[in-house]
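Note sheet for the following structure.
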Amino acid sequence: MEIKEKILLKANELFLRNGIKDTTMDNIAKALGISKKTLYAHFEGKDHLVYETVKHFYGLLKSKLDEICQMELDPYEEFFVIRRIMREFLGNAQISPQYQLKKYYPDLAEELEQKKFENIMNCLGRNLARGIEKGYYKKNLDTEFIKRLYFGNSMLLGNPELFPPEKFDRYRMSNAFMKFFLHGISTKAGRKRLKEIEKKYGL
């Protein structure tokens with residue numbers, strides 16, 4: 001693995017663990033066992049490193065999520081598999097990386113949010129169509145409204161002002177929202193199938 005990629009991966013790990021604001025170039029250099037001179041040879045400064053780290057991380061995550069969405073899994077199972085992948089990528093971060101970016105790097109946050117919106121709309125649109133076809137989701141769903149409702153609320157869960165991390169565990173809250181959402185759009189047959197998937201994933 002090249003030194004630049006090692007820096008990006010370590011920076012991402014520290015940003016998620018300690019927060020973007022509280023992670024310094026010194027912290028990253030020490031964690032990697034390299035000099036700051038070496039770090040600055042690859043990145044002009046922290047702003048540049050944040051931008052490149054986010055771009056790299058999002059590219060890896062998008063590639064994995066695209067792969068899952070193209071598998072056309074059981075509609076319910078797709079939600080749980082994606083949730084598992086998100087947890088693997090985000091680790092134990094309790095404060096949403098997107099929220100941190102919005103606060104300290106608003107332009108980058110807006111760019112990323114637009115990309116996430118487009119990707120989620122496409123993947124969720126296909127998921128809803130399959131679920132309706134299988135009789136799991138209600139036929140009369142306004143799918144455009146449902147997609148935007150899901151996206152908006154999933155973003156809202158990452159707001160630490162509304163959901164302080166010391167009071168609300170991010171992943172328990174995320175799972176609760178997902179189950180609430182799925183039960184709301186499901187038919188009787190769908191809810192039966194959903195219980196089977198929940199049992200499979202230990203929820």
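Each chain in the structure tokens gets a letter, A, B and so on, in the order shown; residues start at 1 in every chain, and ligands are counted from 1 in the order they appear.
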Close residues, Glu13 (chain A) itself excluded, 9 Å, only C-alpha atoms, min 5 positions apart in chain, as number ranges by chain: A: 8, 18, 90-91
Grab the residues selected above and save them as a CSV table (one decimal), in the first residue's frame with C-alpha atoms.
```
chain,number,residue,atom,x,y,z
A,8,LEU,CA,-5.9,8.7,3.9
A,18,ASN,CA,-12.0,11.8,17.5
A,90,LEU,CA,-18.1,4.2,10.2
A,91,GLY,CA,-17.0,2.1,13.1
```
Lys192 (chain A): which residues within 12 Å, counting only C-alpha atoms, same-chain residues fewer than 5 positions away excluded, as a list in words?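 Non-adjacent residues within range: Tyr76, Gly135, Tyr136, Tyr137, Leu182, His183, Ser186, Thr187, Ile197, Glu198 and Lys199 of chain A.
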Would you pick out the contacts of region 168-176 of chain A at 10 Å or less, using only C-alpha atoms, so that residues sharing its chain but fewer than 2 positions from it are not included, and give the list as a PDB file with N, CA and C atoms, in the first residue's frame?
```pdb
ATOM      1  N   PHE A  79     -31.826  -3.639   3.058  1.00  0.00           N
ATOM      2  CA  PHE A  79     -31.703  -2.605   4.095  1.00  0.00           C
ATOM      3  C   PHE A  79     -30.734  -3.045   5.193  1.00  0.00           C
ATOM      4  N   PHE A  80     -30.855  -4.280   5.627  1.00  0.00           N
ATOM      5  CA  PHE A  80     -30.027  -4.766   6.742  1.00  0.00           C
ATOM      6  C   PHE A  80     -28.571  -4.961   6.322  1.00  0.00           C
ATOM      7  N   ARG A  83     -27.079  -1.543   6.154  1.00  0.00           N
ATOM      8  CA  ARG A  83     -26.850  -1.051   7.520  1.00  0.00           C
ATOM      9  C   ARG A  83     -25.579  -1.664   8.109  1.00  0.00           C
ATOM     10  N   MET A  86     -22.546  -0.008   6.476  1.00  0.00           N
ATOM     11  CA  MET A  86     -22.356   1.344   7.002  1.00  0.00           C
ATOM     12  C   MET A  86     -21.663   1.299   8.353  1.00  0.00           C
ATOM     13  N   ARG A  87     -22.045   0.352   9.169  1.00  0.00           N
ATOM     14  CA  ARG A  87     -21.418   0.244  10.485  1.00  0.00           C
ATOM     15  C   ARG A  87     -19.955  -0.164  10.365  1.00  0.00           C
ATOM     16  N   ASN A  92     -17.374   3.047  15.328  1.00  0.00           N
ATOM     17  CA  ASN A  92     -18.204   3.449  16.478  1.00  0.00           C
ATOM     18  C   ASN A  92     -18.439   4.949  16.545  1.00  0.00           C
ATOM     19  N   ALA A  93     -18.270   5.635  15.421  1.00  0.00           N
ATOM     20  CA  ALA A  93     -18.468   7.086  15.418  1.00  0.00           C
ATOM     21  C   ALA A  93     -19.892   7.425  15.835  1.00  0.00           C
ATOM     22  N   GLN A  94     -20.020   8.237  16.884  1.00  0.00           N
ATOM     23  CA  GLN A  94     -21.337   8.599  17.381  1.00  0.00           C
ATOM     24  C   GLN A  94     -21.844   9.922  16.790  1.00  0.00           C
ATOM     25  N   ILE A  95     -20.913  10.765  16.338  1.00  0.00           N
ATOM     26  CA  ILE A  95     -21.307  12.021  15.701  1.00  0.00           C
ATOM     27  C   ILE A  95     -21.171  11.852  14.195  1.00  0.00           C
ATOM     28  N   SER A  96     -22.220  12.143  13.477  1.00  0.00           N
ATOM     29  CA  SER A  96     -22.255  11.956  12.032  1.00  0.00           C
ATOM     30  C   SER A  96     -21.122  12.715  11.341  1.00  0.00           C
ATOM     31  N   ASN A 153     -34.983  11.979   6.889  1.00  0.00           N
ATOM     32  CA  ASN A 153     -34.949  11.530   8.284  1.00  0.00           C
ATOM     33  C   ASN A 153     -33.635  10.830   8.623  1.00  0.00           C
ATOM     34  N   SER A 154     -33.058  10.096   7.678  1.00  0.00           N
ATOM     35  CA  SER A 154     -31.776   9.442   7.949  1.00  0.00           C
ATOM     36  C   SER A 154     -30.682  10.477   8.157  1.00  0.00           C
ATOM     37  N   LEU A 157     -31.005  12.085  11.721  1.00  0.00           N
ATOM     38  CA  LEU A 157     -30.519  11.265  12.832  1.00  0.00           C
ATOM     39  C   LEU A 157     -29.077  11.584  13.196  1.00  0.00           C
ATOM     40  N   GLY A 158     -28.331  12.146  12.254  1.00  0.00           N
ATOM     41  CA  GLY A 158     -26.930  12.470  12.510  1.00  0.00           C
ATOM     42  C   GLY A 158     -26.714  13.819  13.160  1.00  0.00           C
ATOM     43  N   PRO A 160     -26.320  15.994  16.145  1.00  0.00           N
ATOM     44  CA  PRO A 160     -26.093  15.805  17.584  1.00  0.00           C
ATOM     45  C   PRO A 160     -26.820  16.819  18.460  1.00  0.00           C
ATOM     46  N   LEU A 162     -29.995  17.644  17.936  1.00  0.00           N
ATOM     47  CA  LEU A 162     -31.321  17.054  18.109  1.00  0.00           C
ATOM     48  C   LEU A 162     -31.238  15.728  18.851  1.00  0.00           C
ATOM     49  N   PHE A 163     -30.202  14.947  18.548  1.00  0.00           N
ATOM     50  CA  PHE A 163     -30.000  13.641  19.185  1.00  0.00           C
ATOM     51  C   PHE A 163     -28.600  13.590  19.813  1.00  0.00           C
ATOM     52  N   PRO A 164     -28.429  14.180  21.012  1.00  0.00           N
ATOM     53  CA  PRO A 164     -27.115  14.205  21.663  1.00  0.00           C
ATOM     54  C   PRO A 164     -26.564  12.790  21.826  1.00  0.00           C
ATOM     55  N   PRO A 165     -25.318  12.547  21.396  1.00  0.00           N
ATOM     56  CA  PRO A 165     -24.749  11.193  21.443  1.00  0.00           C
ATOM     57  C   PRO A 165     -24.651  10.611  22.852  1.00  0.00           C
ATOM     58  N   GLU A 166     -24.612  11.488  23.875  1.00  0.00           N
ATOM     59  CA  GLU A 166     -24.564  10.973  25.246  1.00  0.00           C
ATOM     60  C   GLU A 166     -25.916  10.430  25.697  1.00  0.00           C
ATOM     61  N   MET A 178     -35.031   2.523  10.995  1.00  0.00           N
ATOM     62  CA  MET A 178     -35.184   1.656   9.830  1.00  0.00           C
ATOM     63  C   MET A 178     -36.367   0.706  10.013  1.00  0.00           C
ATOM     64  N   LYS A 179     -36.482   0.099  11.188  1.00  0.00           N
ATOM     65  CA  LYS A 179     -37.580  -0.830  11.457  1.00  0.00           C
ATOM     66  C   LYS A 179     -38.919  -0.091  11.450  1.00  0.00           C
ATOM     67  N   PHE A 180     -38.949   1.097  12.040  1.00  0.00           N
ATOM     68  CA  PHE A 180     -40.166   1.912  12.058  1.00  0.00           C
ATOM     69  C   PHE A 180     -40.597   2.256  10.627  1.00  0.00           C
ATOM     70  N   PHE A 181     -39.632   2.646   9.813  1.00  0.00           N
ATOM     71  CA  PHE A 181     -39.892   3.003   8.422  1.00  0.00           C
ATOM     72  C   PHE A 181     -40.438   1.805   7.645  1.00  0.00           C
ATOM     73  N   LEU A 203     -32.165  -8.747  15.269  1.00  0.00           N
ATOM     74  CA  LEU A 203     -32.762  -7.475  15.684  1.00  0.00           C
ATOM     75  C   LEU A 203     -34.203  -7.684  16.145  1.00  0.00           C
TER      76      LEU A 203
END
```
Need to verify the contact set: Ile3 (chain A), 10 Å, only C-alpha atoms, exclusion of same-chain residues closer than 6 positions in sequence. Can you return it as a list in words? Leu9, Leu32, Ile34, Thr38, Leu39 and His42 of chain A
Identify all residues of region 13-113 of chain A in helix (DSSP H, G or I) (DSSP on the backbone) and supply them as an mmCIF file with N, CA and C atoms, in the first residue's frame.
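Writing done, so here's selection-v5.cif:
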```cif
data_model
loop_
_atom_site.group_PDB
_atom_site.id
_atom_site.type_symbol
_atom_site.label_atom_id
_atom_site.label_comp_id
_atom_site.auth_asym_id
_atom_site.auth_seq_id
_atom_site.Cartn_x
_atom_site.Cartn_y
_atom_site.Cartn_z
ATOM 1 N N GLU A 13 -9.759 7.134 9.888
ATOM 2 C CA GLU A 13 -9.955 6.457 11.176
ATOM 3 C C GLU A 13 -9.967 7.460 12.325
ATOM 4 N N LEU A 14 -9.026 8.394 12.316
ATOM 5 C CA LEU A 14 -8.933 9.381 13.400
ATOM 6 C C LEU A 14 -10.062 10.406 13.331
ATOM 7 N N PHE A 15 -10.443 10.802 12.119
ATOM 8 C CA PHE A 15 -11.561 11.743 11.982
ATOM 9 C C PHE A 15 -12.846 11.141 12.546
ATOM 10 N N LEU A 16 -13.066 9.859 12.269
ATOM 11 C CA LEU A 16 -14.267 9.191 12.764
ATOM 12 C C LEU A 16 -14.212 8.990 14.273
ATOM 13 N N ARG A 17 -13.040 8.651 14.790
ATOM 14 C CA ARG A 17 -12.912 8.358 16.216
ATOM 15 C C ARG A 17 -12.915 9.622 17.079
ATOM 16 N N ASN A 18 -12.157 10.626 16.648
ATOM 17 C CA ASN A 18 -11.960 11.808 17.487
ATOM 18 C C ASN A 18 -12.656 13.063 16.987
ATOM 19 N N MET A 25 -2.872 17.572 12.272
ATOM 20 C CA MET A 25 -1.858 16.960 11.414
ATOM 21 C C MET A 25 -0.813 16.253 12.277
ATOM 22 N N ASP A 26 -0.523 16.819 13.441
ATOM 23 C CA ASP A 26 0.404 16.181 14.383
ATOM 24 C C ASP A 26 -0.107 14.803 14.789
ATOM 25 N N ASN A 27 -1.404 14.740 15.143
ATOM 26 C CA ASN A 27 -2.010 13.470 15.552
ATOM 27 C C ASN A 27 -1.846 12.409 14.467
ATOM 28 N N ILE A 28 -2.110 12.807 13.239
ATOM 29 C CA ILE A 28 -2.069 11.867 12.124
ATOM 30 C C ILE A 28 -0.637 11.393 11.872
ATOM 31 N N ALA A 29 0.318 12.326 11.892
ATOM 32 C CA ALA A 29 1.721 11.964 11.670
ATOM 33 C C ALA A 29 2.203 10.995 12.754
ATOM 34 N N LYS A 30 1.876 11.287 14.014
ATOM 35 C CA LYS A 30 2.296 10.425 15.122
ATOM 36 C C LYS A 30 1.665 9.043 15.023
ATOM 37 N N ALA A 31 0.373 8.990 14.653
ATOM 38 C CA ALA A 31 -0.326 7.707 14.542
ATOM 39 C C ALA A 31 0.282 6.832 13.450
ATOM 40 N N LEU A 32 0.822 7.469 12.427
ATOM 41 C CA LEU A 32 1.430 6.732 11.311
ATOM 42 C C LEU A 32 2.917 6.465 11.524
ATOM 43 N N LYS A 36 5.985 15.127 10.098
ATOM 44 C CA LYS A 36 5.027 16.062 9.505
ATOM 45 C C LYS A 36 5.498 16.487 8.115
ATOM 46 N N LYS A 37 6.812 16.505 7.915
ATOM 47 C CA LYS A 37 7.356 16.859 6.603
ATOM 48 C C LYS A 37 6.863 15.876 5.544
ATOM 49 N N THR A 38 6.857 14.592 5.895
ATOM 50 C CA THR A 38 6.361 13.565 4.967
ATOM 51 C C THR A 38 4.872 13.765 4.698
ATOM 52 N N LEU A 39 4.132 14.081 5.746
ATOM 53 C CA LEU A 39 2.686 14.307 5.618
ATOM 54 C C LEU A 39 2.416 15.486 4.682
ATOM 55 N N TYR A 40 3.160 16.576 4.893
ATOM 56 C CA TYR A 40 2.951 17.774 4.070
ATOM 57 C C TYR A 40 3.502 17.615 2.657
ATOM 58 N N ALA A 41 4.309 16.612 2.445
ATOM 59 C CA ALA A 41 4.799 16.337 1.085
ATOM 60 C C ALA A 41 3.670 15.803 0.202
ATOM 61 N N HIS A 42 2.658 15.220 0.848
ATOM 62 C CA HIS A 42 1.525 14.641 0.106
ATOM 63 C C HIS A 42 0.269 15.501 0.172
ATOM 64 N N LYS A 46 -4.305 20.654 6.389
ATOM 65 C CA LYS A 46 -5.409 19.853 6.901
ATOM 66 C C LYS A 46 -6.638 19.925 5.995
ATOM 67 N N ASP A 47 -6.948 21.117 5.489
ATOM 68 C CA ASP A 47 -8.122 21.249 4.621
ATOM 69 C C ASP A 47 -8.004 20.340 3.397
ATOM 70 N N HIS A 48 -6.837 20.313 2.818
ATOM 71 C CA HIS A 48 -6.592 19.456 1.654
ATOM 72 C C HIS A 48 -6.733 17.982 2.037
ATOM 73 N N LEU A 49 -6.193 17.628 3.196
ATOM 74 C CA LEU A 49 -6.262 16.238 3.657
ATOM 75 C C LEU A 49 -7.708 15.830 3.943
ATOM 76 N N VAL A 50 -8.478 16.710 4.566
ATOM 77 C CA VAL A 50 -9.893 16.408 4.831
ATOM 78 C C VAL A 50 -10.624 16.155 3.526
ATOM 79 N N TYR A 51 -10.421 17.037 2.550
ATOM 80 C CA TYR A 51 -11.099 16.893 1.262
ATOM 81 C C TYR A 51 -10.745 15.562 0.591
ATOM 82 N N GLU A 52 -9.453 15.250 0.542
ATOM 83 C CA GLU A 52 -9.010 14.023 -0.115
ATOM 84 C C GLU A 52 -9.461 12.778 0.651
ATOM 85 N N THR A 53 -9.479 12.858 1.980
ATOM 86 C CA THR A 53 -9.911 11.721 2.802
ATOM 87 C C THR A 53 -11.388 11.432 2.586
ATOM 88 N N VAL A 54 -12.192 12.477 2.594
ATOM 89 C CA VAL A 54 -13.639 12.316 2.392
ATOM 90 C C VAL A 54 -13.918 11.747 0.998
ATOM 91 N N LYS A 55 -13.237 12.277 0.007
ATOM 92 C CA LYS A 55 -13.429 11.804 -1.372
ATOM 93 C C LYS A 55 -13.046 10.321 -1.492
ATOM 94 N N HIS A 56 -11.927 9.955 -0.882
ATOM 95 C CA HIS A 56 -11.449 8.576 -0.925
ATOM 96 C C HIS A 56 -12.411 7.644 -0.191
ATOM 97 N N PHE A 57 -12.807 8.038 1.021
ATOM 98 C CA PHE A 57 -13.710 7.232 1.837
ATOM 99 C C PHE A 57 -15.054 7.052 1.136
ATOM 100 N N TYR A 58 -15.589 8.144 0.602
ATOM 101 C CA TYR A 58 -16.888 8.055 -0.056
ATOM 102 C C TYR A 58 -16.813 7.174 -1.300
ATOM 103 N N GLY A 59 -15.697 7.234 -2.017
ATOM 104 C CA GLY A 59 -15.528 6.390 -3.195
ATOM 105 C C GLY A 59 -15.563 4.913 -2.841
ATOM 106 N N LEU A 60 -14.876 4.544 -1.758
ATOM 107 C CA LEU A 60 -14.866 3.150 -1.312
ATOM 108 C C LEU A 60 -16.268 2.703 -0.881
ATOM 109 N N LEU A 61 -16.938 3.563 -0.112
ATOM 110 C CA LEU A 61 -18.272 3.229 0.385
ATOM 111 C C LEU A 61 -19.272 3.128 -0.763
ATOM 112 N N LYS A 62 -19.244 4.082 -1.681
ATOM 113 C CA LYS A 62 -20.174 4.073 -2.815
ATOM 114 C C LYS A 62 -20.005 2.817 -3.651
ATOM 115 N N SER A 63 -18.752 2.429 -3.882
ATOM 116 C CA SER A 63 -18.482 1.226 -4.677
ATOM 117 C C SER A 63 -19.107 0.002 -4.020
ATOM 118 N N LYS A 64 -18.980 -0.107 -2.697
ATOM 119 C CA LYS A 64 -19.538 -1.249 -1.971
ATOM 120 C C LYS A 64 -21.066 -1.218 -1.983
ATOM 121 N N LEU A 65 -21.653 -0.052 -1.777
ATOM 122 C CA LEU A 65 -23.115 0.053 -1.754
ATOM 123 C C LEU A 65 -23.710 -0.187 -3.142
ATOM 124 N N ASP A 66 -23.035 0.302 -4.178
ATOM 125 C CA ASP A 66 -23.502 0.056 -5.550
ATOM 126 C C ASP A 66 -23.520 -1.443 -5.840
ATOM 127 N N GLU A 67 -22.489 -2.111 -5.370
ATOM 128 C CA GLU A 67 -22.389 -3.562 -5.568
ATOM 129 C C GLU A 67 -23.568 -4.280 -4.907
ATOM 130 N N ILE A 68 -23.926 -3.849 -3.692
ATOM 131 C CA ILE A 68 -25.046 -4.460 -2.968
ATOM 132 C C ILE A 68 -26.367 -4.167 -3.669
ATOM 133 N N CYS A 69 -26.569 -2.922 -4.074
ATOM 134 C CA CYS A 69 -27.829 -2.545 -4.716
ATOM 135 C C CYS A 69 -28.036 -3.279 -6.033
ATOM 136 N N GLN A 70 -26.956 -3.554 -6.746
ATOM 137 C CA GLN A 70 -27.060 -4.244 -8.024
ATOM 138 C C GLN A 70 -27.316 -5.746 -7.864
ATOM 139 N N PRO A 75 -35.877 -7.303 -0.759
ATOM 140 C CA PRO A 75 -35.968 -5.882 -0.426
ATOM 141 C C PRO A 75 -35.649 -5.552 1.038
ATOM 142 N N TYR A 76 -36.133 -6.380 1.957
ATOM 143 C CA TYR A 76 -35.848 -6.128 3.370
ATOM 144 C C TYR A 76 -34.387 -6.407 3.696
ATOM 145 N N GLU A 77 -33.886 -7.503 3.168
ATOM 146 C CA GLU A 77 -32.515 -7.873 3.479
ATOM 147 C C GLU A 77 -31.533 -6.818 2.990
ATOM 148 N N GLU A 78 -31.847 -6.188 1.874
ATOM 149 C CA GLU A 78 -30.971 -5.151 1.348
ATOM 150 C C GLU A 78 -30.758 -4.041 2.374
ATOM 151 N N PHE A 79 -31.826 -3.639 3.058
ATOM 152 C CA PHE A 79 -31.703 -2.605 4.095
ATOM 153 C C PHE A 79 -30.734 -3.045 5.193
ATOM 154 N N PHE A 80 -30.855 -4.280 5.627
ATOM 155 C CA PHE A 80 -30.027 -4.766 6.742
ATOM 156 C C PHE A 80 -28.571 -4.961 6.322
ATOM 157 N N VAL A 81 -28.360 -5.400 5.089
ATOM 158 C CA VAL A 81 -26.991 -5.568 4.600
ATOM 159 C C VAL A 81 -26.310 -4.203 4.471
ATOM 160 N N ILE A 82 -27.038 -3.235 3.937
ATOM 161 C CA ILE A 82 -26.487 -1.882 3.814
ATOM 162 C C ILE A 82 -26.186 -1.298 5.194
ATOM 163 N N ARG A 83 -27.079 -1.543 6.154
ATOM 164 C CA ARG A 83 -26.850 -1.051 7.520
ATOM 165 C C ARG A 83 -25.579 -1.664 8.109
ATOM 166 N N ARG A 84 -25.360 -2.936 7.843
ATOM 167 C CA ARG A 84 -24.161 -3.607 8.348
ATOM 168 C C ARG A 84 -22.900 -3.027 7.713
ATOM 169 N N ILE A 85 -22.954 -2.769 6.408
ATOM 170 C CA ILE A 85 -21.807 -2.189 5.712
ATOM 171 C C ILE A 85 -21.507 -0.790 6.241
ATOM 172 N N MET A 86 -22.546 -0.008 6.476
ATOM 173 C CA MET A 86 -22.356 1.344 7.002
ATOM 174 C C MET A 86 -21.663 1.299 8.353
ATOM 175 N N ARG A 87 -22.045 0.352 9.169
ATOM 176 C CA ARG A 87 -21.418 0.244 10.485
ATOM 177 C C ARG A 87 -19.955 -0.164 10.365
ATOM 178 N N GLU A 88 -19.674 -1.059 9.433
ATOM 179 C CA GLU A 88 -18.286 -1.471 9.224
ATOM 180 C C GLU A 88 -17.428 -0.289 8.778
ATOM 181 N N PHE A 89 -17.985 0.561 7.927
ATOM 182 C CA PHE A 89 -17.228 1.700 7.416
ATOM 183 C C PHE A 89 -17.101 2.825 8.440
ATOM 184 N N LEU A 90 -18.153 3.032 9.223
ATOM 185 C CA LEU A 90 -18.150 4.164 10.157
ATOM 186 C C LEU A 90 -17.645 3.812 11.547
ATOM 187 N N PRO A 97 -20.328 12.014 10.513
ATOM 188 C CA PRO A 97 -19.285 12.711 9.741
ATOM 189 C C PRO A 97 -19.886 13.806 8.861
ATOM 190 N N GLN A 98 -21.085 13.539 8.321
ATOM 191 C CA GLN A 98 -21.744 14.529 7.476
ATOM 192 C C GLN A 98 -22.046 15.797 8.262
ATOM 193 N N TYR A 99 -22.470 15.654 9.514
ATOM 194 C CA TYR A 99 -22.772 16.819 10.343
ATOM 195 C C TYR A 99 -21.508 17.626 10.620
ATOM 196 N N GLN A 100 -20.411 16.917 10.895
ATOM 197 C CA GLN A 100 -19.140 17.603 11.145
ATOM 198 C C GLN A 100 -18.691 18.373 9.912
ATOM 199 N N LEU A 101 -18.838 17.753 8.755
ATOM 200 C CA LEU A 101 -18.472 18.441 7.521
ATOM 201 C C LEU A 101 -19.344 19.675 7.311
ATOM 202 N N LYS A 102 -20.618 19.539 7.599
ATOM 203 C CA LYS A 102 -21.554 20.656 7.412
ATOM 204 C C LYS A 102 -21.164 21.848 8.283
ATOM 205 N N LYS A 103 -20.618 21.544 9.455
ATOM 206 C CA LYS A 103 -20.247 22.590 10.402
ATOM 207 C C LYS A 103 -18.914 23.245 10.048
ATOM 208 N N TYR A 104 -17.937 22.440 9.623
ATOM 209 C CA TYR A 104 -16.588 22.961 9.412
ATOM 210 C C TYR A 104 -16.178 23.079 7.940
ATOM 211 N N PRO A 106 -18.601 23.356 4.937
ATOM 212 C CA PRO A 106 -19.958 23.362 4.342
ATOM 213 C C PRO A 106 -19.999 23.097 2.842
ATOM 214 N N ASP A 107 -19.029 23.602 2.094
ATOM 215 C CA ASP A 107 -19.037 23.378 0.644
ATOM 216 C C ASP A 107 -18.839 21.902 0.318
ATOM 217 N N LEU A 108 -17.903 21.277 1.027
ATOM 218 C CA LEU A 108 -17.652 19.852 0.829
ATOM 219 C C LEU A 108 -18.868 19.034 1.264
ATOM 220 N N ALA A 109 -19.502 19.438 2.359
ATOM 221 C CA ALA A 109 -20.686 18.735 2.862
ATOM 222 C C ALA A 109 -21.827 18.798 1.851
ATOM 223 N N GLU A 110 -22.010 19.965 1.229
ATOM 224 C CA GLU A 110 -23.085 20.120 0.243
ATOM 225 C C GLU A 110 -22.835 19.245 -0.982
ATOM 226 N N GLU A 111 -21.579 19.198 -1.416
ATOM 227 C CA GLU A 111 -21.220 18.363 -2.566
ATOM 228 C C GLU A 111 -21.479 16.886 -2.266
ATOM 229 N N LEU A 112 -21.080 16.456 -1.074
ATOM 230 C CA LEU A 112 -21.260 15.061 -0.678
ATOM 231 C C LEU A 112 -22.732 14.719 -0.498
ATOM 232 N N GLU A 113 -23.484 15.644 0.090
ATOM 233 C CA GLU A 113 -24.903 15.380 0.332
ATOM 234 C C GLU A 113 -25.660 15.211 -0.979
#
```
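Relative to CA of Met155 (chain A), CA of Lys116 (chain A) is found at 10.2 Å.
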For the atom pair CA of Gly131 (chain A) and CA of Thr143 (chain A), what is the interatomic distance in Å to one decimal place?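 It comes out at 11.2 Å.
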Quick one: of A:Lys167, A:Glu161, A:Gly190, A:Phe117, who's nearest to Ile132 (chain A), counting only C-alpha atoms?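 With only C-alpha atoms as the atom set, the closest residue is A:Gly190.
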Please compute the CA of Asp74 (chain A)-CA of Lys138 (chain A) distance, one decimal, in Å.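 Taking CA of Asp74 (chain A) and CA of Lys138 (chain A), their separation equals 15.8 Å.
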Let me make sure I understand: among A:Asn119, A:Lys188, A:Glu72, A:Leu128, which one has the smallest atom-to-atom distance to Leu141 (chain A) if we use only C-alpha atoms?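 Closest to Leu141 (chain A) of all the choices is A:Leu128.
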